[in-house]
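A.B. asks: Below is structure24.cif; it holds mmCIF, N, CA and C atoms.
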```cif
data_target
#
loop_
_atom_site.label_atom_id
_atom_site.label_comp_id
_atom_site.auth_asym_id
_atom_site.auth_seq_id
_atom_site.Cartn_x
_atom_site.Cartn_y
_atom_site.Cartn_z
N MET P 1 -15.51 -9.77 -9.37
CA MET P 1 -16.72 -10.44 -8.93
C MET P 1 -17.80 -10.23 -9.99
N LEU P 2 -18.66 -11.19 -10.07
CA LEU P 2 -19.75 -11.08 -11.05
C LEU P 2 -20.92 -10.29 -10.48
N ASP P 3 -21.72 -9.76 -11.39
CA ASP P 3 -22.87 -8.94 -11.00
C ASP P 3 -23.80 -9.69 -10.06
N ALA P 4 -24.01 -10.99 -10.29
CA ALA P 4 -24.91 -11.77 -9.42
C ALA P 4 -24.38 -11.84 -7.99
N ASP P 5 -23.07 -12.03 -7.85
CA ASP P 5 -22.47 -12.10 -6.51
C ASP P 5 -22.58 -10.76 -5.79
N LEU P 6 -22.29 -9.68 -6.51
CA LEU P 6 -22.36 -8.35 -5.89
C LEU P 6 -23.80 -7.97 -5.56
N ALA P 7 -24.75 -8.38 -6.39
CA ALA P 7 -26.16 -8.09 -6.09
C ALA P 7 -26.56 -8.76 -4.78
N GLU P 8 -26.11 -9.98 -4.58
CA GLU P 8 -26.42 -10.68 -3.33
C GLU P 8 -25.77 -9.98 -2.13
N ILE P 9 -24.51 -9.57 -2.29
CA ILE P 9 -23.80 -8.89 -1.20
C ILE P 9 -24.49 -7.58 -0.84
N TYR P 10 -24.90 -6.81 -1.86
CA TYR P 10 -25.50 -5.50 -1.63
C TYR P 10 -27.01 -5.56 -1.37
N GLY P 11 -27.57 -6.75 -1.33
CA GLY P 11 -28.98 -6.90 -0.98
C GLY P 11 -29.93 -6.36 -2.03
N THR P 12 -29.63 -6.65 -3.29
CA THR P 12 -30.49 -6.21 -4.38
C THR P 12 -30.55 -7.32 -5.43
N THR P 13 -31.31 -7.12 -6.46
CA THR P 13 -31.37 -8.11 -7.53
C THR P 13 -30.31 -7.79 -8.59
N THR P 14 -29.96 -8.81 -9.34
CA THR P 14 -28.98 -8.60 -10.43
C THR P 14 -29.54 -7.61 -11.45
N LYS P 15 -30.84 -7.71 -11.69
CA LYS P 15 -31.47 -6.81 -12.66
C LYS P 15 -31.36 -5.36 -12.18
N ALA P 16 -31.66 -5.09 -10.92
CA ALA P 16 -31.58 -3.73 -10.37
C ALA P 16 -30.14 -3.23 -10.40
N LEU P 17 -29.20 -4.11 -10.08
CA LEU P 17 -27.79 -3.73 -10.11
C LEU P 17 -27.37 -3.32 -11.52
N ASN P 18 -27.71 -4.15 -12.50
CA ASN P 18 -27.33 -3.84 -13.89
C ASN P 18 -28.03 -2.59 -14.41
N GLN P 19 -29.25 -2.34 -13.97
CA GLN P 19 -29.94 -1.11 -14.36
C GLN P 19 -29.23 0.12 -13.79
N ALA P 20 -28.79 0.02 -12.55
CA ALA P 20 -28.06 1.13 -11.92
C ALA P 20 -26.75 1.39 -12.67
N VAL P 21 -26.10 0.33 -13.10
CA VAL P 21 -24.86 0.47 -13.86
C VAL P 21 -25.14 1.16 -15.20
N LYS P 22 -26.19 0.72 -15.89
CA LYS P 22 -26.52 1.32 -17.20
C LYS P 22 -26.89 2.79 -17.06
N ARG P 23 -27.56 3.16 -15.97
CA ARG P 23 -27.91 4.56 -15.75
C ARG P 23 -26.69 5.41 -15.42
N ASN P 24 -25.63 4.78 -14.92
CA ASN P 24 -24.42 5.50 -14.49
C ASN P 24 -23.18 4.97 -15.22
N ARG P 25 -23.31 4.69 -16.47
CA ARG P 25 -22.24 4.04 -17.24
C ARG P 25 -20.91 4.80 -17.18
N GLU P 26 -20.97 6.14 -17.12
CA GLU P 26 -19.74 6.94 -17.08
C GLU P 26 -18.92 6.70 -15.80
N ARG P 27 -19.54 6.12 -14.79
CA ARG P 27 -18.83 5.82 -13.54
C ARG P 27 -18.10 4.48 -13.57
N PHE P 28 -18.23 3.75 -14.66
CA PHE P 28 -17.66 2.41 -14.75
C PHE P 28 -16.78 2.26 -16.00
N PRO P 29 -15.57 2.84 -15.95
CA PRO P 29 -14.65 2.65 -17.08
C PRO P 29 -14.20 1.19 -17.15
N ASN P 30 -13.46 0.86 -18.18
CA ASN P 30 -13.07 -0.53 -18.44
C ASN P 30 -12.32 -1.19 -17.28
N GLU P 31 -11.52 -0.41 -16.54
CA GLU P 31 -10.79 -1.04 -15.43
C GLU P 31 -11.69 -1.29 -14.22
N PHE P 32 -12.93 -0.81 -14.25
CA PHE P 32 -13.87 -1.05 -13.17
C PHE P 32 -14.81 -2.22 -13.48
N MET P 33 -15.10 -2.43 -14.78
CA MET P 33 -16.12 -3.40 -15.13
C MET P 33 -15.97 -3.81 -16.59
N PHE P 34 -16.30 -5.06 -16.88
CA PHE P 34 -16.36 -5.53 -18.27
C PHE P 34 -17.39 -6.65 -18.35
N GLN P 35 -17.83 -6.93 -19.56
CA GLN P 35 -18.82 -7.99 -19.74
C GLN P 35 -18.10 -9.25 -20.22
N LEU P 36 -18.49 -10.39 -19.63
CA LEU P 36 -17.88 -11.65 -20.03
C LEU P 36 -18.32 -12.04 -21.44
N THR P 37 -17.46 -12.76 -22.12
CA THR P 37 -17.82 -13.33 -23.42
C THR P 37 -18.57 -14.64 -23.16
N ARG P 38 -19.16 -15.21 -24.19
CA ARG P 38 -19.89 -16.48 -24.05
C ARG P 38 -18.97 -17.59 -23.53
N PRO P 39 -17.75 -17.77 -24.10
CA PRO P 39 -16.87 -18.83 -23.55
C PRO P 39 -16.46 -18.56 -22.09
N GLU P 40 -16.24 -17.30 -21.74
CA GLU P 40 -15.89 -16.96 -20.35
C GLU P 40 -17.04 -17.30 -19.42
N LYS P 41 -18.25 -16.97 -19.86
CA LYS P 41 -19.44 -17.28 -19.05
C LYS P 41 -19.57 -18.78 -18.86
N ASP P 42 -19.40 -19.55 -19.94
CA ASP P 42 -19.52 -21.01 -19.85
C ASP P 42 -18.48 -21.58 -18.88
N GLU P 43 -17.26 -21.05 -18.93
CA GLU P 43 -16.20 -21.53 -18.04
C GLU P 43 -16.51 -21.21 -16.58
N VAL P 44 -17.01 -20.00 -16.33
CA VAL P 44 -17.34 -19.60 -14.96
C VAL P 44 -18.47 -20.46 -14.41
N VAL P 45 -19.49 -20.70 -15.24
CA VAL P 45 -20.63 -21.52 -14.80
C VAL P 45 -20.16 -22.94 -14.52
N THR P 46 -19.25 -23.45 -15.33
CA THR P 46 -18.72 -24.81 -15.13
C THR P 46 -17.92 -24.91 -13.85
N ASN P 47 -17.12 -23.89 -13.56
CA ASN P 47 -16.22 -23.94 -12.40
C ASN P 47 -16.84 -23.49 -11.09
N CYS P 48 -17.92 -22.74 -11.14
CA CYS P 48 -18.53 -22.20 -9.92
C CYS P 48 -19.96 -22.71 -9.78
N ASP P 49 -20.14 -23.65 -8.88
CA ASP P 49 -21.46 -24.28 -8.70
C ASP P 49 -22.55 -23.28 -8.35
N HIS P 50 -22.21 -22.27 -7.57
CA HIS P 50 -23.24 -21.32 -7.14
C HIS P 50 -23.76 -20.46 -8.30
N LEU P 51 -23.12 -20.53 -9.45
CA LEU P 51 -23.56 -19.74 -10.61
C LEU P 51 -24.29 -20.58 -11.66
N ARG P 52 -24.70 -21.80 -11.31
CA ARG P 52 -25.32 -22.69 -12.30
C ARG P 52 -26.62 -22.12 -12.87
N LYS P 53 -27.30 -21.23 -12.13
CA LYS P 53 -28.53 -20.64 -12.65
C LYS P 53 -28.25 -19.72 -13.85
N LEU P 54 -26.99 -19.27 -13.99
CA LEU P 54 -26.61 -18.44 -15.15
C LEU P 54 -26.50 -19.25 -16.44
N LYS P 55 -26.43 -20.57 -16.30
CA LYS P 55 -26.20 -21.44 -17.46
C LYS P 55 -27.23 -21.21 -18.55
N TYR P 56 -28.47 -21.00 -18.18
CA TYR P 56 -29.54 -20.86 -19.18
C TYR P 56 -29.95 -19.41 -19.41
N SER P 57 -29.26 -18.49 -18.78
CA SER P 57 -29.57 -17.07 -18.97
C SER P 57 -29.03 -16.61 -20.33
N PRO P 58 -29.86 -15.87 -21.07
CA PRO P 58 -29.38 -15.38 -22.38
C PRO P 58 -28.42 -14.19 -22.23
N ASN P 59 -28.39 -13.59 -21.04
CA ASN P 59 -27.54 -12.41 -20.81
C ASN P 59 -26.13 -12.81 -20.39
N LEU P 60 -25.18 -12.04 -20.85
CA LEU P 60 -23.80 -12.24 -20.42
C LEU P 60 -23.57 -11.42 -19.15
N PRO P 61 -22.99 -12.02 -18.12
CA PRO P 61 -22.80 -11.29 -16.86
C PRO P 61 -21.68 -10.25 -16.95
N PHE P 62 -21.77 -9.29 -16.07
CA PHE P 62 -20.72 -8.28 -15.94
C PHE P 62 -19.79 -8.72 -14.81
N ALA P 63 -18.51 -8.44 -14.99
CA ALA P 63 -17.51 -8.71 -13.96
C ALA P 63 -16.97 -7.38 -13.48
N PHE P 64 -16.78 -7.24 -12.18
CA PHE P 64 -16.34 -5.99 -11.58
C PHE P 64 -15.01 -6.16 -10.86
N SER P 65 -14.12 -5.21 -11.04
CA SER P 65 -12.89 -5.18 -10.26
C SER P 65 -13.24 -4.61 -8.88
N GLU P 66 -12.24 -4.53 -8.00
CA GLU P 66 -12.50 -3.95 -6.68
C GLU P 66 -12.95 -2.50 -6.80
N TYR P 67 -12.45 -1.79 -7.82
CA TYR P 67 -12.87 -0.40 -8.02
C TYR P 67 -14.35 -0.35 -8.41
N GLY P 68 -14.74 -1.27 -9.28
CA GLY P 68 -16.14 -1.32 -9.70
C GLY P 68 -17.07 -1.70 -8.55
N ALA P 69 -16.61 -2.61 -7.71
CA ALA P 69 -17.43 -3.02 -6.56
C ALA P 69 -17.65 -1.86 -5.61
N VAL P 70 -16.62 -1.05 -5.42
CA VAL P 70 -16.75 0.13 -4.56
C VAL P 70 -17.67 1.17 -5.21
N MET P 71 -17.51 1.37 -6.51
CA MET P 71 -18.36 2.33 -7.22
C MET P 71 -19.82 1.89 -7.18
N LEU P 72 -20.07 0.59 -7.26
CA LEU P 72 -21.44 0.09 -7.17
C LEU P 72 -22.11 0.53 -5.87
N ALA P 73 -21.35 0.52 -4.79
CA ALA P 73 -21.91 0.92 -3.49
C ALA P 73 -22.43 2.35 -3.55
N SER P 74 -21.82 3.18 -4.39
CA SER P 74 -22.26 4.58 -4.45
C SER P 74 -23.45 4.79 -5.38
N VAL P 75 -23.72 3.85 -6.30
CA VAL P 75 -24.85 4.04 -7.22
C VAL P 75 -26.06 3.22 -6.85
N LEU P 76 -25.91 2.23 -5.98
CA LEU P 76 -27.05 1.43 -5.56
C LEU P 76 -27.75 2.09 -4.38
N ASN P 77 -29.02 1.77 -4.22
CA ASN P 77 -29.80 2.42 -3.18
C ASN P 77 -30.17 1.50 -2.02
N SER P 78 -29.63 0.30 -1.98
CA SER P 78 -29.98 -0.61 -0.89
C SER P 78 -29.28 -0.14 0.39
N SER P 79 -29.84 -0.52 1.53
CA SER P 79 -29.25 -0.07 2.80
C SER P 79 -27.84 -0.64 2.98
N ILE P 80 -27.60 -1.85 2.51
CA ILE P 80 -26.26 -2.44 2.62
C ILE P 80 -25.28 -1.65 1.76
N ALA P 81 -25.70 -1.27 0.56
CA ALA P 81 -24.82 -0.50 -0.33
C ALA P 81 -24.49 0.86 0.27
N VAL P 82 -25.48 1.49 0.88
CA VAL P 82 -25.26 2.79 1.53
C VAL P 82 -24.26 2.63 2.67
N GLN P 83 -24.42 1.59 3.50
CA GLN P 83 -23.49 1.34 4.60
C GLN P 83 -22.08 1.04 4.07
N ALA P 84 -22.00 0.29 2.97
CA ALA P 84 -20.70 -0.01 2.38
C ALA P 84 -20.04 1.26 1.87
N SER P 85 -20.81 2.13 1.25
CA SER P 85 -20.28 3.39 0.74
C SER P 85 -19.75 4.26 1.88
N ILE P 86 -20.49 4.31 2.98
CA ILE P 86 -20.06 5.07 4.16
C ILE P 86 -18.77 4.47 4.72
N ALA P 87 -18.68 3.14 4.77
CA ALA P 87 -17.48 2.48 5.28
C ALA P 87 -16.26 2.80 4.41
N VAL P 88 -16.47 2.85 3.10
CA VAL P 88 -15.36 3.18 2.19
C VAL P 88 -14.87 4.61 2.44
N VAL P 89 -15.80 5.54 2.59
CA VAL P 89 -15.43 6.93 2.85
C VAL P 89 -14.66 7.02 4.16
N ARG P 90 -15.14 6.35 5.19
CA ARG P 90 -14.45 6.37 6.49
C ARG P 90 -13.05 5.76 6.38
N ALA P 91 -12.92 4.71 5.60
CA ALA P 91 -11.61 4.08 5.42
C ALA P 91 -10.64 5.04 4.74
N PHE P 92 -11.11 5.76 3.73
CA PHE P 92 -10.24 6.72 3.05
C PHE P 92 -9.85 7.87 3.98
N ILE P 93 -10.76 8.32 4.80
CA ILE P 93 -10.44 9.38 5.77
C ILE P 93 -9.38 8.89 6.74
N ARG P 94 -9.53 7.68 7.24
CA ARG P 94 -8.56 7.11 8.18
C ARG P 94 -7.20 6.94 7.50
N LEU P 95 -7.21 6.50 6.25
CA LEU P 95 -5.97 6.34 5.50
C LEU P 95 -5.26 7.68 5.34
N ARG P 96 -6.02 8.72 5.05
CA ARG P 96 -5.42 10.05 4.91
C ARG P 96 -4.82 10.51 6.25
N GLU P 97 -5.50 10.23 7.35
CA GLU P 97 -4.96 10.59 8.67
C GLU P 97 -3.65 9.85 8.94
N ILE P 98 -3.62 8.56 8.60
CA ILE P 98 -2.41 7.77 8.80
C ILE P 98 -1.27 8.32 7.96
N LEU P 99 -1.56 8.64 6.70
CA LEU P 99 -0.52 9.19 5.83
C LEU P 99 -0.02 10.53 6.34
N ALA P 100 -0.91 11.36 6.87
CA ALA P 100 -0.49 12.65 7.42
C ALA P 100 0.43 12.44 8.61
N THR P 101 0.12 11.46 9.45
CA THR P 101 0.96 11.15 10.59
C THR P 101 2.35 10.71 10.13
N HIS P 102 2.38 9.86 9.11
CA HIS P 102 3.66 9.38 8.58
C HIS P 102 4.45 10.52 7.94
N LYS P 103 3.76 11.44 7.30
CA LYS P 103 4.46 12.59 6.71
C LYS P 103 5.13 13.42 7.79
N GLU P 104 4.42 13.63 8.89
CA GLU P 104 4.98 14.41 10.00
C GLU P 104 6.19 13.68 10.59
N LEU P 105 6.07 12.38 10.76
CA LEU P 105 7.19 11.59 11.28
C LEU P 105 8.38 11.65 10.32
N ALA P 106 8.12 11.53 9.03
CA ALA P 106 9.19 11.61 8.03
C ALA P 106 9.87 12.98 8.08
N ARG P 107 9.08 14.03 8.26
CA ARG P 107 9.64 15.38 8.34
C ARG P 107 10.55 15.51 9.55
N LYS P 108 10.12 14.98 10.69
CA LYS P 108 10.92 15.05 11.91
C LYS P 108 12.22 14.25 11.76
N LEU P 109 12.14 13.08 11.12
CA LEU P 109 13.35 12.30 10.88
C LEU P 109 14.33 13.05 9.98
N GLU P 110 13.79 13.70 8.99
CA GLU P 110 14.64 14.47 8.08
C GLU P 110 15.33 15.61 8.84
N GLU P 111 14.60 16.29 9.71
CA GLU P 111 15.19 17.36 10.52
C GLU P 111 16.32 16.81 11.40
N LEU P 112 16.07 15.66 12.02
CA LEU P 112 17.07 15.04 12.88
C LEU P 112 18.31 14.67 12.07
N GLU P 113 18.12 14.12 10.89
CA GLU P 113 19.25 13.77 10.03
C GLU P 113 20.08 15.00 9.68
N LYS P 114 19.41 16.10 9.40
CA LYS P 114 20.12 17.34 9.06
C LYS P 114 20.92 17.86 10.25
N ARG P 115 20.35 17.72 11.46
CA ARG P 115 21.03 18.23 12.64
C ARG P 115 22.28 17.42 12.97
N ILE P 116 22.23 16.12 12.76
CA ILE P 116 23.39 15.30 13.12
C ILE P 116 24.31 15.04 11.93
N GLU P 117 23.97 15.60 10.79
CA GLU P 117 24.81 15.44 9.59
C GLU P 117 26.22 15.96 9.88
N GLY P 118 27.21 15.21 9.55
CA GLY P 118 28.59 15.62 9.80
C GLY P 118 29.12 15.16 11.14
N HIS P 119 28.25 14.77 12.04
CA HIS P 119 28.68 14.30 13.35
C HIS P 119 29.36 12.94 13.26
N ASP P 120 29.06 12.18 12.23
CA ASP P 120 29.69 10.86 12.08
C ASP P 120 31.21 11.00 12.05
N GLU P 121 31.69 11.94 11.28
CA GLU P 121 33.13 12.14 11.17
C GLU P 121 33.72 12.56 12.51
N GLU P 122 33.02 13.40 13.22
CA GLU P 122 33.49 13.85 14.53
C GLU P 122 33.53 12.69 15.51
N ILE P 123 32.53 11.83 15.49
CA ILE P 123 32.49 10.68 16.39
C ILE P 123 33.63 9.72 16.05
N ILE P 124 33.88 9.50 14.77
CA ILE P 124 34.98 8.62 14.36
C ILE P 124 36.31 9.19 14.84
N ALA P 125 36.48 10.49 14.72
CA ALA P 125 37.72 11.14 15.18
C ALA P 125 37.90 10.95 16.69
N ILE P 126 36.82 11.05 17.44
CA ILE P 126 36.89 10.85 18.90
C ILE P 126 37.32 9.42 19.21
N PHE P 127 36.72 8.45 18.54
CA PHE P 127 37.09 7.05 18.77
C PHE P 127 38.55 6.80 18.39
N ASP P 128 39.00 7.39 17.30
CA ASP P 128 40.41 7.23 16.91
C ASP P 128 41.34 7.79 17.99
N ALA P 129 40.99 8.96 18.52
CA ALA P 129 41.81 9.56 19.57
C ALA P 129 41.83 8.69 20.81
N ILE P 130 40.70 8.12 21.17
CA ILE P 130 40.63 7.24 22.35
C ILE P 130 41.49 6.00 22.12
N ARG P 131 41.42 5.42 20.92
CA ARG P 131 42.24 4.24 20.62
C ARG P 131 43.73 4.55 20.73
N GLU P 132 44.11 5.72 20.23
CA GLU P 132 45.52 6.13 20.32
C GLU P 132 45.97 6.25 21.77
N LEU P 133 45.11 6.81 22.60
CA LEU P 133 45.45 6.96 24.01
C LEU P 133 45.53 5.61 24.72
N MET P 134 44.80 4.63 24.26
CA MET P 134 44.80 3.32 24.89
C MET P 134 46.04 2.50 24.53
N GLU P 135 46.68 2.80 23.40
CA GLU P 135 47.87 2.05 23.00
C GLU P 135 49.07 2.50 23.83
N PRO P 136 49.90 1.52 24.23
CA PRO P 136 51.09 1.92 24.99
C PRO P 136 52.04 2.72 24.08
N PRO P 137 52.77 3.64 24.67
CA PRO P 137 53.67 4.46 23.85
C PRO P 137 54.79 3.59 23.29
N GLU P 138 55.24 3.96 22.10
CA GLU P 138 56.35 3.23 21.48
C GLU P 138 57.64 3.59 22.20
N LYS P 139 58.53 2.58 22.31
CA LYS P 139 59.82 2.83 22.94
C LYS P 139 60.71 3.52 21.91
N PRO P 140 61.44 4.56 22.35
CA PRO P 140 62.31 5.26 21.40
C PRO P 140 63.48 4.36 20.99
N ASP P 141 63.94 4.53 19.76
CA ASP P 141 65.07 3.75 19.26
C ASP P 141 66.36 4.13 19.99
N LYS P 142 66.54 5.41 20.18
CA LYS P 142 67.74 5.90 20.87
C LYS P 142 67.38 6.28 22.28
N PRO P 143 68.27 5.99 23.17
CA PRO P 143 68.01 6.45 24.52
C PRO P 143 68.07 7.98 24.58
N ILE P 144 67.24 8.52 25.40
CA ILE P 144 67.17 9.96 25.54
C ILE P 144 68.11 10.39 26.66
N GLY P 145 68.76 11.52 26.50
CA GLY P 145 69.62 12.08 27.55
C GLY P 145 71.10 11.94 27.21
N PHE P 146 71.97 12.32 28.21
CA PHE P 146 73.43 12.25 28.04
C PHE P 146 73.92 10.93 28.57
N HIS P 147 74.76 10.35 27.82
CA HIS P 147 75.35 9.09 28.25
C HIS P 147 76.89 9.21 28.13
N ALA P 148 77.52 8.73 29.09
CA ALA P 148 79.00 8.79 29.07
C ALA P 148 79.54 7.64 28.26
N ARG P 149 80.64 7.94 27.54
CA ARG P 149 81.28 6.90 26.78
C ARG P 149 82.28 6.16 27.64
N THR P 150 82.25 4.96 27.49
CA THR P 150 83.25 4.17 28.23
C THR P 150 84.20 3.52 27.21
N ASP P 151 85.39 4.10 27.06
CA ASP P 151 86.40 3.56 26.15
C ASP P 151 87.49 2.92 26.89
#
```
Now that the file is in, can you turn its structure into structure tokens?
C.D. replies:
Amino acid sequence: MLDADLAEIYGTTTKALNQAVKRNRERFPNEFMFQLTRPEKDEVVTNCDHLRKLKYSPNLPFAFSEYGAVMLASVLNSSIAVQASIAVVRAFIRLREILATHKELARKLEELEKRIEGHDEEIIAIFDAIRELMEPPEKPDKPIGFHARTD
């Protein structure tokens, strides 16, 4: 997002936003923010009607990734930025709680797997024995017992 868009979202001016960034430059590495080149600015102004006021600005706008947008909430002093920063912190806390719950569930599943490990073979053996019992017995080739010869 461009600095002008984020300034509007956070309820501040673009100038105040850029000043806050310059005062806290170490908080905005390259993957958080970069400045557009003149051709990039011209293309954005051409493609985005709401940015037409940038057409005559001598300054090149800054573009922010989602990381930069979140970091802006922590360096700006507007009430919206403060609320956004609080919301981000709450989201991370909730995410950590969810991950902890999943870790506990994963641990319990692992314990269950260890307890039933090897039972597969035993269950297969039981089914094999049941199948054998269900099959009718084979008839013997030779009759069993004493038989008299008739010559």
A.B. asks: Find, counting all atoms listed in the file, the residue in P:Leu36, P:Ala73, P:Phe92, P:Ile124 that gets nearest to Tyr10 in chain P.
C.D. replies: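 Among the listed residues, P:Ala73 lies closest to Tyr10 in chain P.
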A.B. asks: Provide the CA of Glu40 in chain P to CA of Asp5 in chain P distance in Å, to one decimal place.
C.D. replies: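 Taking CA of Glu40 in chain P as the start and CA of Asp5 in chain P as the end point, the length is 16.1 Å.
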A.B. asks: Considering only N, CA and C atoms, state which residue in the set P:Ile93, P:Ala69, P:Thr13, P:Pro136 is at the smallest distance from Met33 in chain P.
C.D. replies: P:Ala69
A.B. asks: Go ahead and compute the interatomic distance for CA of Leu2 in chain P and CA of Ser79 in chain P, in Å to one decimal.
C.D. replies: 20.1 Å
A.B. asks: Counting all atoms listed in the file, I want the residues whose atoms come within 8 Å of (-26.7, -5.2, -12.2) in the file frame, returned as a PyMOL selection string.
C.D. replies: chain P and resi 2-4+6-7+13-22+62
A.B. asks: What does the distance from CA of Arg107 in chain P to CA of Arg94 in chain P come to in Å, to one decimal?
C.D. replies: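 CA of Arg107 in chain P sits 20.0 Å away from CA of Arg94 in chain P.
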A.B. asks: Evaluate the PyMOL selection byres (((chain P and resi 51 and name CA) around 12) and name CA) here and jot the selected residues down as a compact mmCIF listing (two decimals) with N, CA and C atoms, keeping the file's coordinate frame.
C.D. replies:
```
# COMPACT_ATOMS: atom_id res chain seq x y z
N MET P 1 -15.51 -9.77 -9.37
CA MET P 1 -16.72 -10.44 -8.93
C MET P 1 -17.80 -10.23 -9.99
N LEU P 2 -18.66 -11.19 -10.07
CA LEU P 2 -19.75 -11.08 -11.05
C LEU P 2 -20.92 -10.29 -10.48
N ASP P 3 -21.72 -9.76 -11.39
CA ASP P 3 -22.87 -8.94 -11.00
C ASP P 3 -23.80 -9.69 -10.06
N ALA P 4 -24.01 -10.99 -10.29
CA ALA P 4 -24.91 -11.77 -9.42
C ALA P 4 -24.38 -11.84 -7.99
N ASP P 5 -23.07 -12.03 -7.85
CA ASP P 5 -22.47 -12.10 -6.51
C ASP P 5 -22.58 -10.76 -5.79
N GLU P 8 -26.11 -9.98 -4.58
CA GLU P 8 -26.42 -10.68 -3.33
C GLU P 8 -25.77 -9.98 -2.13
N LYS P 41 -18.25 -16.97 -19.86
CA LYS P 41 -19.44 -17.28 -19.05
C LYS P 41 -19.57 -18.78 -18.86
N ASP P 42 -19.40 -19.55 -19.94
CA ASP P 42 -19.52 -21.01 -19.85
C ASP P 42 -18.48 -21.58 -18.88
N GLU P 43 -17.26 -21.05 -18.93
CA GLU P 43 -16.20 -21.53 -18.04
C GLU P 43 -16.51 -21.21 -16.58
N VAL P 44 -17.01 -20.00 -16.33
CA VAL P 44 -17.34 -19.60 -14.96
C VAL P 44 -18.47 -20.46 -14.41
N VAL P 45 -19.49 -20.70 -15.24
CA VAL P 45 -20.63 -21.52 -14.80
C VAL P 45 -20.16 -22.94 -14.52
N THR P 46 -19.25 -23.45 -15.33
CA THR P 46 -18.72 -24.81 -15.13
C THR P 46 -17.92 -24.91 -13.85
N ASN P 47 -17.12 -23.89 -13.56
CA ASN P 47 -16.22 -23.94 -12.40
C ASN P 47 -16.84 -23.49 -11.09
N CYS P 48 -17.92 -22.74 -11.14
CA CYS P 48 -18.53 -22.20 -9.92
C CYS P 48 -19.96 -22.71 -9.78
N ASP P 49 -20.14 -23.65 -8.88
CA ASP P 49 -21.46 -24.28 -8.70
C ASP P 49 -22.55 -23.28 -8.35
N HIS P 50 -22.21 -22.27 -7.57
CA HIS P 50 -23.24 -21.32 -7.14
C HIS P 50 -23.76 -20.46 -8.30
N ARG P 52 -24.70 -21.80 -11.31
CA ARG P 52 -25.32 -22.69 -12.30
C ARG P 52 -26.62 -22.12 -12.87
N LYS P 53 -27.30 -21.23 -12.13
CA LYS P 53 -28.53 -20.64 -12.65
C LYS P 53 -28.25 -19.72 -13.85
N LEU P 54 -26.99 -19.27 -13.99
CA LEU P 54 -26.61 -18.44 -15.15
C LEU P 54 -26.50 -19.25 -16.44
N LYS P 55 -26.43 -20.57 -16.30
CA LYS P 55 -26.20 -21.44 -17.46
C LYS P 55 -27.23 -21.21 -18.55
N TYR P 56 -28.47 -21.00 -18.18
CA TYR P 56 -29.54 -20.86 -19.18
C TYR P 56 -29.95 -19.41 -19.41
N SER P 57 -29.26 -18.49 -18.78
CA SER P 57 -29.57 -17.07 -18.97
C SER P 57 -29.03 -16.61 -20.33
N PRO P 61 -22.99 -12.02 -18.12
CA PRO P 61 -22.80 -11.29 -16.86
C PRO P 61 -21.68 -10.25 -16.95
```
A.B. asks: Have a look at P:Lys103, P:Lys108, P:Arg38, P:Arg23 and name the one nearest to Leu60 in chain P; count only C-alpha atoms.
C.D. replies: P:Arg38
A.B. asks: So that all listed atoms of range 97-115 of chain P fit with 6 Å spare on each side, what axis-aligned box centre and edge lengths in Å, to one decimal, would you give as JSON?
C.D. replies:
```
{"center_x": 8.4, "center_y": 13.0, "center_z": 9.4, "size_x": 39.8, "size_y": 22.5, "size_z": 19.1}
```
A.B. asks: Restricting the calculation to all atoms listed in the file, which member of P:Thr12, P:Thr150, P:Asn24, P:Gln35 is positioned closest to Phe64 in chain P?
C.D. replies: P:Gln35
A.B. asks: Can you list, as a count of residues only, the residues that the PyMOL selection byres ((chain P and resi 32) around 7) selects here?
C.D. replies: 14
